[in-house]
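Text of the file upload.cif, holding mmCIF, C-alpha atoms:
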data_run
loop_
_atom_site.label_atom_id
_atom_site.label_comp_id
_atom_site.auth_asym_id
_atom_site.auth_seq_id
_atom_site.Cartn_x
_atom_site.Cartn_y
_atom_site.Cartn_z
CA GLN I 194 -18.97 -7.68 -28.39
CA THR I 195 -16.49 -8.52 -25.64
CA SER I 196 -15.02 -5.54 -23.81
CA PRO I 197 -11.21 -5.22 -24.13
CA CYS I 198 -11.04 -4.29 -20.46
CA PRO I 199 -13.05 -6.85 -18.48
CA SER I 200 -13.36 -6.38 -14.76
CA GLN I 201 -11.41 -8.89 -12.69
CA GLY I 202 -13.31 -11.17 -10.31
CA LEU I 203 -12.30 -11.95 -6.77
CA ASP I 204 -11.55 -15.57 -7.66
CA SER I 205 -9.01 -14.65 -10.32
CA PRO I 206 -5.48 -16.11 -10.45
CA TRP I 207 -4.15 -12.62 -9.67
CA SER I 208 -5.12 -12.90 -6.03
CA PHE I 209 -2.58 -14.10 -3.48
CA HIS I 210 -5.33 -15.00 -1.02
CA THR I 211 -6.89 -18.44 -0.61
CA HIS I 212 -10.63 -17.85 -0.61
CA VAL I 213 -13.09 -19.98 1.33
CA THR I 214 -14.71 -22.47 -0.98
CA ARG I 215 -18.46 -22.64 -1.35
CA GLY I 216 -20.15 -24.63 1.35
CA GLU I 217 -17.34 -24.00 3.84
CA ARG I 218 -18.80 -22.68 7.04
CA GLN I 219 -17.98 -22.54 10.71
CA ASP I 220 -20.81 -23.65 12.98
CA GLY I 221 -21.11 -22.08 16.37
CA PRO I 222 -23.63 -21.24 19.04
CA THR I 223 -25.34 -18.73 16.76
CA SER I 224 -25.55 -20.96 13.67
CA SER I 225 -28.97 -22.05 12.48
CA ASN I 226 -30.27 -24.91 10.37
CA ASN I 227 -33.31 -22.87 9.35
CA PRO I 228 -32.95 -21.64 5.73
CA ALA I 229 -35.47 -18.85 6.32
CA ASN I 230 -33.44 -17.48 9.24
CA ASP I 231 -30.26 -17.66 7.16
CA MET I 232 -31.93 -15.72 4.35
CA ILE I 233 -33.20 -13.02 6.72
CA SER I 234 -29.75 -12.74 8.32
CA GLY I 235 -28.14 -12.39 4.90
CA ILE I 236 -30.55 -9.64 3.87
CA LEU I 237 -29.97 -7.74 7.11
CA LEU I 238 -26.19 -8.02 6.72
CA TYR I 239 -26.41 -6.68 3.16
CA LEU I 240 -28.53 -3.70 4.27
CA VAL I 241 -26.16 -2.86 7.13
CA LEU I 242 -23.08 -2.99 4.89
CA HIS I 243 -24.80 -0.95 2.20
CA CYS I 244 -25.63 1.79 4.71
CA ALA I 245 -22.07 1.66 6.04
CA VAL I 246 -20.60 2.21 2.58
CA VAL I 247 -22.94 5.15 1.94
CA CYS I 248 -21.96 6.73 5.27
CA LEU I 249 -18.25 6.22 4.56
CA SER I 250 -18.61 7.81 1.14
CA THR I 251 -20.18 10.90 2.69
CA PHE I 252 -17.48 10.94 5.39
CA GLY I 253 -14.70 10.81 2.78
CA GLU I 254 -16.24 13.58 0.71
CA SER I 255 -16.43 15.84 3.76
CA LEU I 256 -12.73 15.26 4.47
CA SER I 257 -11.55 15.96 0.96
CA SER I 258 -13.86 18.92 0.28
CA GLY I 259 -12.00 21.10 2.77
CA THR I 260 -8.64 20.44 1.11
CA THR I 261 -9.34 20.70 -2.60
CA SER I 262 -9.54 24.26 -3.90
CA SER I 263 -10.89 23.64 -7.40
CA LYS I 264 -13.06 21.15 -9.22
CA ARG I 265 -11.74 19.06 -12.08
CA SER I 266 -12.63 20.31 -15.51
CA ASN I 267 -14.48 17.07 -16.27
CA ASP I 268 -15.67 13.96 -14.46
CA ARG I 269 -13.37 11.51 -16.22
CA PRO I 270 -11.08 9.73 -13.73
CA ARG I 271 -7.59 11.17 -13.64
CA ARG I 272 -4.71 8.72 -13.96
CA PRO I 273 -2.23 8.79 -11.05
CA GLN I 274 0.89 10.79 -11.83
CA ALA I 275 4.35 9.23 -11.96
CA TRP I 276 6.22 8.37 -8.77
CA SER I 277 8.11 11.51 -7.83
CA ARG I 278 11.42 11.75 -6.01
CA ASP I 279 13.32 14.74 -4.68
CA ASP I 280 16.30 15.30 -2.43
CA SER I 281 14.34 15.09 0.83
CA PRO I 282 13.94 11.71 2.55
CA ASN I 283 10.75 9.83 1.72
CA LEU I 284 8.16 8.78 4.27
CA ALA I 285 5.78 5.85 3.83
CA LEU I 286 2.81 5.26 6.12
CA LEU I 287 1.14 1.87 6.58
CA THR I 288 -2.32 1.35 8.03
CA GLU I 289 -2.75 -0.74 11.16
CA PRO I 290 -3.81 -4.37 10.62
CA ASP I 291 -7.19 -3.86 12.31
CA ALA I 292 -8.20 -0.93 10.07
CA CYS I 293 -11.13 -2.90 8.63
CA ASP I 294 -12.29 -4.67 11.78
CA SER I 295 -15.24 -2.32 12.19
CA LEU I 296 -16.87 0.76 10.71
CA GLN I 297 -15.43 2.80 13.59
CA ARG I 298 -11.88 1.63 12.83
CA VAL I 299 -12.35 2.49 9.16
CA GLU I 300 -13.42 6.03 10.05
CA GLU I 301 -10.54 6.41 12.52
CA THR I 302 -8.07 5.25 9.87
CA ILE I 303 -9.36 7.71 7.28
CA GLN I 304 -9.20 10.56 9.78
CA ALA I 305 -5.66 9.70 10.91
CA ILE I 306 -4.33 9.45 7.35
CA ASN I 307 -6.01 12.70 6.38
CA LEU I 308 -4.34 14.48 9.32
CA ALA I 309 -0.98 12.83 8.62
CA THR I 310 -0.88 13.63 4.91
CA ARG I 311 -2.46 17.04 4.54
CA GLY I 312 0.84 18.80 5.19
CA GLY I 313 2.48 17.01 2.25
CA GLY I 314 5.05 15.12 4.32
CA VAL I 315 3.88 11.60 3.43
CA ASP I 316 4.90 10.23 0.04
CA LEU I 317 3.33 6.78 0.12
CA VAL I 318 0.37 5.21 1.96
CA VAL I 319 0.02 1.43 2.04
CA LEU I 320 -3.37 -0.04 2.84
CA ARG I 321 -2.37 -3.14 4.82
CA VAL I 322 -5.07 -4.95 6.78
CA LYS I 323 -5.69 -8.44 8.05
CA SER I 324 -6.96 -10.84 5.41
CA GLY I 325 -10.59 -11.86 5.74
CA HIS I 326 -12.79 -14.16 3.73
CA ASP I 327 -16.18 -12.78 4.79
CA ALA I 328 -18.21 -10.30 2.77
CA SER I 329 -18.11 -7.62 5.46
CA ASN I 330 -14.31 -7.50 5.45
CA GLY I 331 -14.17 -7.10 1.68
CA THR I 332 -16.89 -4.45 1.68
CA LEU I 333 -15.23 -2.38 4.39
CA LYS I 334 -11.85 -2.73 2.69
CA LEU I 335 -13.19 -1.43 -0.60
CA ALA I 336 -15.00 1.39 1.22
CA LEU I 337 -11.77 2.31 3.03
CA LEU I 338 -9.84 2.25 -0.25
CA ARG I 339 -12.43 4.41 -1.99
CA ASN I 340 -12.27 7.05 0.75
CA LEU I 341 -8.48 6.94 1.00
CA SER I 342 -8.35 7.59 -2.75
CA LYS I 343 -10.28 10.83 -2.17
CA VAL I 344 -7.80 11.85 0.53
CA ARG I 345 -5.01 10.85 -1.88
CA ASP I 346 -6.36 13.16 -4.59
CA ALA I 347 -6.64 16.01 -2.10
CA ASN I 348 -3.34 15.60 -0.24
CA GLY I 349 -1.04 14.33 -2.97
CA PHE I 350 0.45 11.02 -1.85
CA LYS I 351 0.73 7.65 -3.62
CA LEU I 352 -1.70 4.92 -2.55
CA VAL I 353 -1.02 1.20 -2.87
CA VAL I 354 -2.69 -1.91 -1.44
CA ASN I 355 -0.77 -4.65 0.30
CA ASP I 356 -1.04 -8.16 -1.17
CA ASP I 357 -4.44 -7.84 -2.85
CA VAL I 358 -4.26 -7.49 -6.61
CA ASP I 359 -7.96 -8.24 -7.01
CA ILE I 360 -9.15 -5.19 -5.09
CA VAL I 361 -6.74 -2.95 -7.03
CA LEU I 362 -8.10 -4.32 -10.32
CA ASP I 363 -11.64 -3.78 -9.08
CA ALA I 364 -10.85 -0.24 -7.92
CA LEU I 365 -9.13 0.72 -11.18
CA SER I 366 -12.03 -0.64 -13.23
CA LYS I 367 -14.32 1.64 -11.19
CA GLY I 368 -12.12 4.70 -11.76
CA ILE I 369 -10.87 4.84 -8.17
CA SER I 370 -7.49 6.59 -7.81
CA VAL I 371 -5.16 3.86 -6.59
CA ASP I 372 -1.54 3.72 -7.69
CA GLY I 373 -0.62 0.07 -7.36
CA VAL I 374 0.09 -2.88 -5.11
CA HIS I 375 2.68 -4.10 -2.62
CA VAL I 376 3.71 -7.68 -3.41
CA LYS I 377 4.93 -10.04 -0.72
CA GLU I 378 8.61 -10.96 -0.89
CA HIS I 379 7.98 -14.61 -1.75
CA ASN I 380 5.79 -13.53 -4.69
CA ALA I 381 8.23 -10.96 -6.09
CA GLU I 382 8.81 -12.95 -9.27
CA LEU I 383 5.19 -12.18 -10.25
CA ILE I 384 5.83 -8.42 -10.41
CA PRO I 385 6.24 -8.19 -14.23
CA SER I 386 3.00 -10.07 -14.93
CA ILE I 387 1.10 -8.16 -12.24
CA ARG I 388 2.37 -4.86 -13.65
CA SER I 389 1.21 -5.82 -17.13
CA LYS I 390 -2.26 -6.70 -15.89
CA LEU I 391 -2.67 -3.55 -13.81
CA GLU I 392 -1.37 -1.28 -16.56
CA HIS I 393 -3.82 -2.77 -19.04
CA ILE I 394 -6.80 -2.22 -16.75
CA ALA I 395 -5.61 1.25 -15.70
CA THR I 396 -5.05 2.41 -19.27
CA CYS I 397 -8.54 1.31 -20.25
CA ALA I 398 -10.23 2.74 -17.16
CA PHE I 399 -8.49 6.11 -17.34
CA GLU I 400 -8.45 6.33 -21.15
CA GLN I 401 -4.82 7.36 -21.42
CA ASN I 402 -1.96 5.94 -23.43
CA GLU I 403 0.46 5.77 -20.50
CA SER I 404 0.05 4.59 -16.96
CA ASP I 405 2.19 4.91 -13.88
CA ILE I 406 1.45 1.85 -11.83
CA ILE I 407 3.62 1.56 -8.69
CA ILE I 408 4.61 -1.90 -7.48
CA GLY I 409 6.72 -2.52 -4.42
CA THR I 410 7.93 -5.48 -2.44
CA SER I 411 9.86 -6.29 0.71
CA CYS I 412 13.31 -7.76 1.19
CA HIS I 413 15.37 -8.89 4.13
CA SER I 414 18.68 -9.52 2.36
CA ALA I 415 20.86 -8.20 -0.42
CA GLU I 416 20.24 -11.40 -2.40
CA SER I 417 16.47 -10.90 -2.31
CA ALA I 418 16.83 -7.27 -3.39
CA SER I 419 19.10 -8.24 -6.28
CA ARG I 420 16.67 -10.90 -7.54
CA SER I 421 13.71 -8.53 -7.59
CA TYR I 422 15.75 -5.73 -9.18
CA ARG I 423 16.87 -7.98 -12.06
CA LEU I 424 13.30 -8.87 -13.04
CA GLN I 425 12.51 -8.03 -16.65
CA PRO I 426 11.20 -5.92 -18.19
CA ARG I 427 11.00 -4.08 -14.86
CA GLY I 428 11.28 -4.92 -11.20
CA PRO I 429 9.80 -3.09 -8.20
CA ASP I 430 9.54 0.68 -7.95
CA TYR I 431 10.30 0.64 -4.25
CA LEU I 432 11.58 -1.76 -1.59
CA PHE I 433 10.74 -2.02 2.09
CA VAL I 434 14.01 -3.21 3.65
CA GLY I 435 14.24 -4.48 7.21
CA THR I 436 13.75 -5.45 9.91
CA CYS I 437 15.71 -2.48 11.28
CA TYR I 438 14.63 -2.42 14.93
CA LEU I 439 12.53 -4.50 17.32
CA THR I 440 8.86 -4.17 16.40
CA GLN I 441 5.42 -5.56 17.21
CA SER I 442 5.03 -6.44 13.53
CA HIS I 443 7.69 -9.15 13.90
CA PRO I 444 7.18 -10.64 17.36
CA GLU I 445 9.32 -13.63 16.41
CA LYS I 446 12.38 -11.36 16.51
CA GLN I 447 13.02 -10.83 20.22
CA HIS I 448 16.70 -9.87 20.18
CA GLU I 449 18.74 -7.36 18.21
CA ALA I 450 20.94 -10.18 16.91
CA GLN I 451 17.91 -11.45 14.96
CA LEU I 452 17.44 -8.14 13.14
CA GLU I 453 18.78 -7.11 9.75
CA GLY I 454 19.58 -3.70 11.25
CA PRO I 455 19.40 -0.05 10.10
CA ALA I 456 22.48 -0.30 7.87
CA LEU I 457 20.99 -2.86 5.44
CA PRO I 458 18.76 -0.41 3.49
CA GLY I 459 21.72 1.83 2.68
CA ARG I 460 23.89 -1.14 1.64
CA ILE I 461 21.15 -2.35 -0.69
CA LYS I 462 20.75 1.12 -2.17
CA ARG I 463 24.46 1.29 -2.99
CA MET I 464 24.46 -2.27 -4.35
CA LEU I 465 21.57 -1.60 -6.72
CA THR I 466 23.13 1.67 -7.86
CA ASP I 467 26.32 -0.23 -8.71
CA LEU I 468 24.33 -2.91 -10.55
CA ARG I 469 22.64 -0.25 -12.66
CA SER I 470 26.03 1.20 -13.61
CA ASP I 471 27.65 -2.18 -14.30
CA GLU I 472 24.90 -3.79 -16.37
CA GLY I 473 23.99 -0.79 -18.50
CA LYS I 474 21.30 -2.65 -20.40
CA GLY I 475 17.61 -3.41 -20.16
CA GLU I 476 14.92 -1.29 -18.58
CA SER I 477 16.07 -2.21 -15.08
CA SER I 478 19.34 -0.38 -15.70
CA MET I 479 17.45 2.91 -16.07
CA TYR I 480 16.35 3.19 -12.46
CA THR I 481 16.96 2.10 -8.91
CA PRO I 482 14.02 1.44 -6.58
CA THR I 483 13.27 3.84 -3.76
CA ILE I 484 14.57 2.20 -0.57
CA PHE I 485 12.44 2.53 2.57
CA ALA I 486 13.82 1.30 5.89
CA ILE I 487 11.11 -0.49 7.87
CA GLY I 488 10.66 -2.20 11.20
CA GLY I 489 10.43 -0.39 14.53
CA ILE I 490 10.85 3.05 12.96
CA SER I 491 10.13 5.88 15.43
CA GLU I 492 10.71 9.59 15.81
CA SER I 493 13.88 8.92 17.78
CA ASN I 494 15.56 6.54 15.29
CA CYS I 495 14.15 7.45 11.85
CA HIS I 496 17.26 9.50 11.03
CA GLU I 497 19.66 6.55 11.43
CA PRO I 498 18.76 4.50 8.30
CA VAL I 499 18.69 7.75 6.29
CA ALA I 500 22.13 8.72 7.54
CA LEU I 501 23.31 5.25 6.47
CA GLY I 502 22.02 5.68 2.92
CA ALA I 503 18.30 4.78 2.84
CA ASP I 504 15.98 6.95 0.74
CA GLY I 505 13.50 7.15 3.60
CA VAL I 506 11.55 5.18 6.17
CA ALA I 507 8.21 3.45 6.56
CA THR I 508 6.22 3.50 9.78
CA ILE I 509 2.89 2.41 11.25
CA ARG I 510 2.17 3.10 14.92
CA THR I 511 4.46 6.12 15.35
CA VAL I 512 2.06 8.10 13.18
CA MET I 513 -1.20 6.14 13.22
CA GLN I 514 -1.35 6.03 17.03
CA ALA I 515 -0.09 9.58 17.59
CA SER I 516 -2.39 12.09 19.28
CA ASP I 517 -1.63 14.40 16.34
CA PRO I 518 -0.52 12.40 13.27
CA GLY I 519 0.35 15.57 11.35
CA GLU I 520 2.77 16.76 14.01
CA ALA I 521 4.32 13.29 14.23
CA VAL I 522 5.00 13.39 10.48
CA GLU I 523 6.55 16.85 10.74
CA ARG I 524 8.87 15.75 13.53
CA MET I 525 9.99 12.67 11.58
CA LYS I 526 10.62 14.68 8.42
CA CYS I 527 12.58 17.26 10.40
CA ALA I 528 14.71 14.54 12.00
CA MET I 529 15.45 12.90 8.64
CA ASN I 530 16.16 16.20 6.90
CA SER I 531 18.76 17.06 9.52
CA TRP I 532 20.92 14.18 8.27
CA SER I 533 22.61 14.44 4.89
CA ARG I 534 22.83 11.31 2.72
CA SER I 535 25.61 10.36 0.39
CA PRO I 536 26.35 7.12 -1.53
CA GLY I 537 29.54 6.66 0.43
CA SER I 538 28.10 7.23 3.88
#
In structure tokens, how does this file's structure come out?
Amino acid sequence: QTSPCPSQGLDSPWSFHTHVTRGERQDGPTSSNNPANDMISGILLYLVLHCAVVCLSTFGESLSSGTTSSKRSNDRPRRPQAWSRDDSPNLALLTEPDACDSLQRVEETIQAINLATRGGGVDLVVLRVKSGHDASNGTLKLALLRNLSKVRDANGFKLVVNDDVDIVLDALSKGISVDGVHVKEHNAELIPSIRSKLEHIATCAFEQNESDIIIGTSCHSAESASRSYRLQPRGPDYLFVGTCYLTQSHPEKQHEAQLEGPALPGRIKRMLTDLRSDEGKGESSMYTPTIFAIGGISESNCHEPVALGADGVATIRTVMQASDPGEAVERMKCAMNSWSRSPGS
């Protein structure tokens, strides 16, 4: 009998990545035409990666064991709770692109996120790493996601993966606590179908009638935000809006005149609030996405987009490269909380 909740393969149409086809290979100084050598190399690589995953699992358990105070009443995976909002500005944290380049970088990333989130100041963590087609990249990425999910359960933030639906499907089918996916702006029209697929897998894996999948996307204009918001039956749950300031993430933008600026997130928030009031129909009219300002966000400027109407900010290096990520988060939250927000600001 066919299972109603099949696991999704890496070559599924839900992936945005172009995978290397079979037989595709780059030859270099270390390549060999000896099949026996290739087989031995493959076996050694498998053993190394297997040991790495085991070590990372132990590392993640040691991090989360000091934070959780009680054990769950049963071993059944717990479905992520609904996206929560309150009156304080939201903070999203993105991993650095090289987070899966090595086992050391994976461990450093887990440690930094644990320190940054254990005080409760981070609302959303986005696993965003460079795309890779080799087995080691995929193995380390899944190991990082598995360990971040343990930190997520202990510290209480939402965890999504950037632009990789396949790994989210795989994680959910394995009972790993991941909340959703961040969809690239040019793929935003796929959000309803992606949500349907993820909700189906999540409901089966977690054996609950309702699921709370979180899907976000990016936008760089009011027109883009409006298009994604009008998607039916439901658009994105949050938007990363930018680019607000000069940043290493967008090296093509060298001058302030090329930026969207810190005022755009607030303008989009007000526009979507007005659309919700004017349309008054459909599921999209029942909510407005959480608006995160992104792009060059630092401790010194994080208050500006919030003062101009954004719900919060998203950052990478300000926290991930801080000597004390937890203190960096506290300073950013304090700066944002010192500025009141109002729809007319």
Exercise for the section: Would you kindly return, as number ranges by chain, each protein, DNA or RNA residue with an atom no farther than 7 Å from any atom of Phe350 of chain I, considering all atoms listed in the file and excluding same-chain residues fewer than 2 positions away? Expected result: I: 315-318, 345, 348, 352
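This file, filtered with the PyMOL selection byres ((chain I and resi 433-443) around 8), gives the residues Gly409, Thr410, Ser411, Cys412, His413, Ser414, Tyr431, Leu432, Pro444, Glu445, Lys446, Gln447, His448, Glu449, Leu452, Glu453, Gly454, Pro455, Ala456, Leu457, Pro458, Ile484, Phe485, Ala486, Ile487, Gly488, Gly489, Ile490 and Ala507 of chain I.
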Practice task
Could you check which of I:Ser516, I:Thr466, I:Thr332, I:Ser417 is closest to Asp363 of chain I, using all atoms listed in the file?
Solution key: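 Closest to Asp363 of chain I of all the choices is I:Thr332.
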Problem - Counting only C-alpha atoms, the option among I:Ala381, I:Leu501, I:Leu424, I:Ile369 closest to Leu335 of chain I - result: I:Ile369
Exercise for the section: For Tyr422 of chain I, list every protein, DNA or RNA residue within 12 Å, evaluated using all atoms listed in the file, and leave out those in the same chain fewer than 2 positions away; present the list as a PyMOL selection string. Expected result: chain I and resi 381-382+384-385+408-412+415-420+424-432+461-462+464-469+472+475-484
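Shortest separation to Ala285 of chain I among I:Ala398, I:Val319, I:Val344, I:Leu365 occurs at residue I:Val319, atoms counted being all atoms listed in the file.
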Practice task
One decimal, Å: what's the distance from atom CA of Asp357 of chain I over to atom CA of Ala515 of chain I, could you say?
Solution key: 27.2 Å
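At a cut-off of 10 Å from (-7.3, -7.0, 6.1), the residue set is Thr288, Glu289, Pro290, Asp291, Ala292, Cys293, Asp294, Leu320, Arg321, Val322, Lys323, Ser324, Gly325, His326, Asn330, Gly331, Leu333, Lys334, Asn355, Asp356 and Asp357 of chain I (counting only C-alpha atoms).
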Problem - Non-local contacts of segment 518-532 of chain I (6 Å; only C-alpha atoms; under 4 positions in same chain excluded) as a ChimeraX atom specification - result: /I:308-309,492,496,500,512
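Across the structure, atom CA of Asn283 of chain I and atom CA of Val506 of chain I are spaced 6.5 Å apart.
Comparing the minimum interatomic distances between Asp346 of chain I and each of I:Ala305, I:Leu362, I:Val371, I:Val376, counting only C-alpha atoms, we find that I:Val371 sits nearest.
Interatomic distance, atom CA of Thr310 of chain I to atom CA of Gly349 of chain I: 7.9 Å.
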Practice task
Evaluate the PyMOL selection byres ((chain I and resi 394) around 7) here and jot the selected residues down as a VMD selection string.
Solution key: chain I and resid 198 362 365 to 366 390 to 393 395 to 398
Exercise for the section: Determine the nearest neighbour of Glu300 of chain I from the options I:Ser281, I:Asn340, I:Thr511, I:Ser470, counting all atoms listed in the file. Expected result: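 Answer, going by the shortest atom-to-atom distance: I:Asn340.
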Practice task
Could you tell me which of I:Ala503, I:Val354, I:Leu284, I:Val299 comes closest to Gly313 of chain I if we count all atoms listed in the file?
Solution key: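 Comparing I:Ala503, I:Val354, I:Leu284, I:Val299 against Gly313 of chain I, the winner is I:Leu284.
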Restore all heavy atoms in segment 464-473 of chain I and list the result as a compact mmCIF listing (two decimals), keeping the file's coordinate frame.
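So out23.txt came out as:
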# COMPACT_ATOMS: atom_id res chain seq x y z
N MET I 464 24.29 -1.09 -3.50
CA MET I 464 24.46 -2.27 -4.35
C MET I 464 23.65 -2.14 -5.64
O MET I 464 24.16 -2.42 -6.74
CB MET I 464 24.02 -3.52 -3.58
CG MET I 464 24.11 -4.80 -4.40
SD MET I 464 23.21 -6.19 -3.65
CE MET I 464 21.51 -5.68 -3.93
N LEU I 465 22.41 -1.71 -5.53
CA LEU I 465 21.57 -1.60 -6.72
C LEU I 465 22.04 -0.47 -7.64
O LEU I 465 21.95 -0.57 -8.86
CB LEU I 465 20.11 -1.38 -6.32
CG LEU I 465 19.47 -2.52 -5.54
CD1 LEU I 465 18.00 -2.22 -5.27
CD2 LEU I 465 19.62 -3.86 -6.26
N THR I 466 22.56 0.59 -7.05
CA THR I 466 23.13 1.67 -7.86
C THR I 466 24.34 1.17 -8.65
O THR I 466 24.51 1.50 -9.83
CB THR I 466 23.54 2.86 -6.97
OG1 THR I 466 22.39 3.33 -6.27
CG2 THR I 466 24.12 3.99 -7.80
N ASP I 467 25.17 0.35 -8.02
CA ASP I 467 26.32 -0.23 -8.71
C ASP I 467 25.87 -1.19 -9.81
O ASP I 467 26.46 -1.22 -10.90
CB ASP I 467 27.22 -0.97 -7.71
CG ASP I 467 27.92 -0.01 -6.75
OD1 ASP I 467 28.01 1.19 -7.08
OD2 ASP I 467 28.36 -0.47 -5.68
N LEU I 468 24.83 -1.99 -9.54
CA LEU I 468 24.33 -2.91 -10.55
C LEU I 468 23.82 -2.16 -11.77
O LEU I 468 24.04 -2.57 -12.91
CB LEU I 468 23.19 -3.77 -9.97
CG LEU I 468 23.59 -4.95 -9.09
CD1 LEU I 468 22.34 -5.62 -8.52
CD2 LEU I 468 24.41 -5.96 -9.89
N ARG I 469 23.15 -1.06 -11.54
CA ARG I 469 22.64 -0.25 -12.66
C ARG I 469 23.80 0.25 -13.51
O ARG I 469 23.74 0.23 -14.75
CB ARG I 469 21.85 0.94 -12.12
CG ARG I 469 21.27 1.83 -13.22
CD ARG I 469 20.64 3.06 -12.62
NE ARG I 469 21.62 3.88 -11.91
CZ ARG I 469 21.32 4.99 -11.25
NH1 ARG I 469 20.07 5.40 -11.17
NH2 ARG I 469 22.27 5.68 -10.65
N SER I 470 24.88 0.68 -12.87
CA SER I 470 26.03 1.20 -13.61
C SER I 470 26.77 0.09 -14.35
O SER I 470 27.23 0.27 -15.48
CB SER I 470 26.99 1.91 -12.65
OG SER I 470 26.35 2.96 -11.98
N ASP I 471 26.88 -1.08 -13.72
CA ASP I 471 27.65 -2.18 -14.30
C ASP I 471 26.94 -2.84 -15.47
O ASP I 471 27.55 -3.16 -16.49
CB ASP I 471 27.97 -3.23 -13.24
CG ASP I 471 28.91 -2.70 -12.17
OD1 ASP I 471 29.56 -1.67 -12.44
OD2 ASP I 471 28.96 -3.28 -11.07
N GLU I 472 25.61 -3.04 -15.34
CA GLU I 472 24.90 -3.79 -16.37
C GLU I 472 24.66 -2.94 -17.60
O GLU I 472 24.88 -3.37 -18.72
CB GLU I 472 23.58 -4.31 -15.80
CG GLU I 472 23.79 -5.38 -14.74
CD GLU I 472 22.48 -5.91 -14.19
OE1 GLU I 472 21.42 -5.36 -14.56
OE2 GLU I 472 22.52 -6.89 -13.43
N GLY I 473 24.15 -1.72 -17.39
CA GLY I 473 23.99 -0.79 -18.50
C GLY I 473 23.12 -1.29 -19.63
O GLY I 473 23.29 -0.90 -20.77
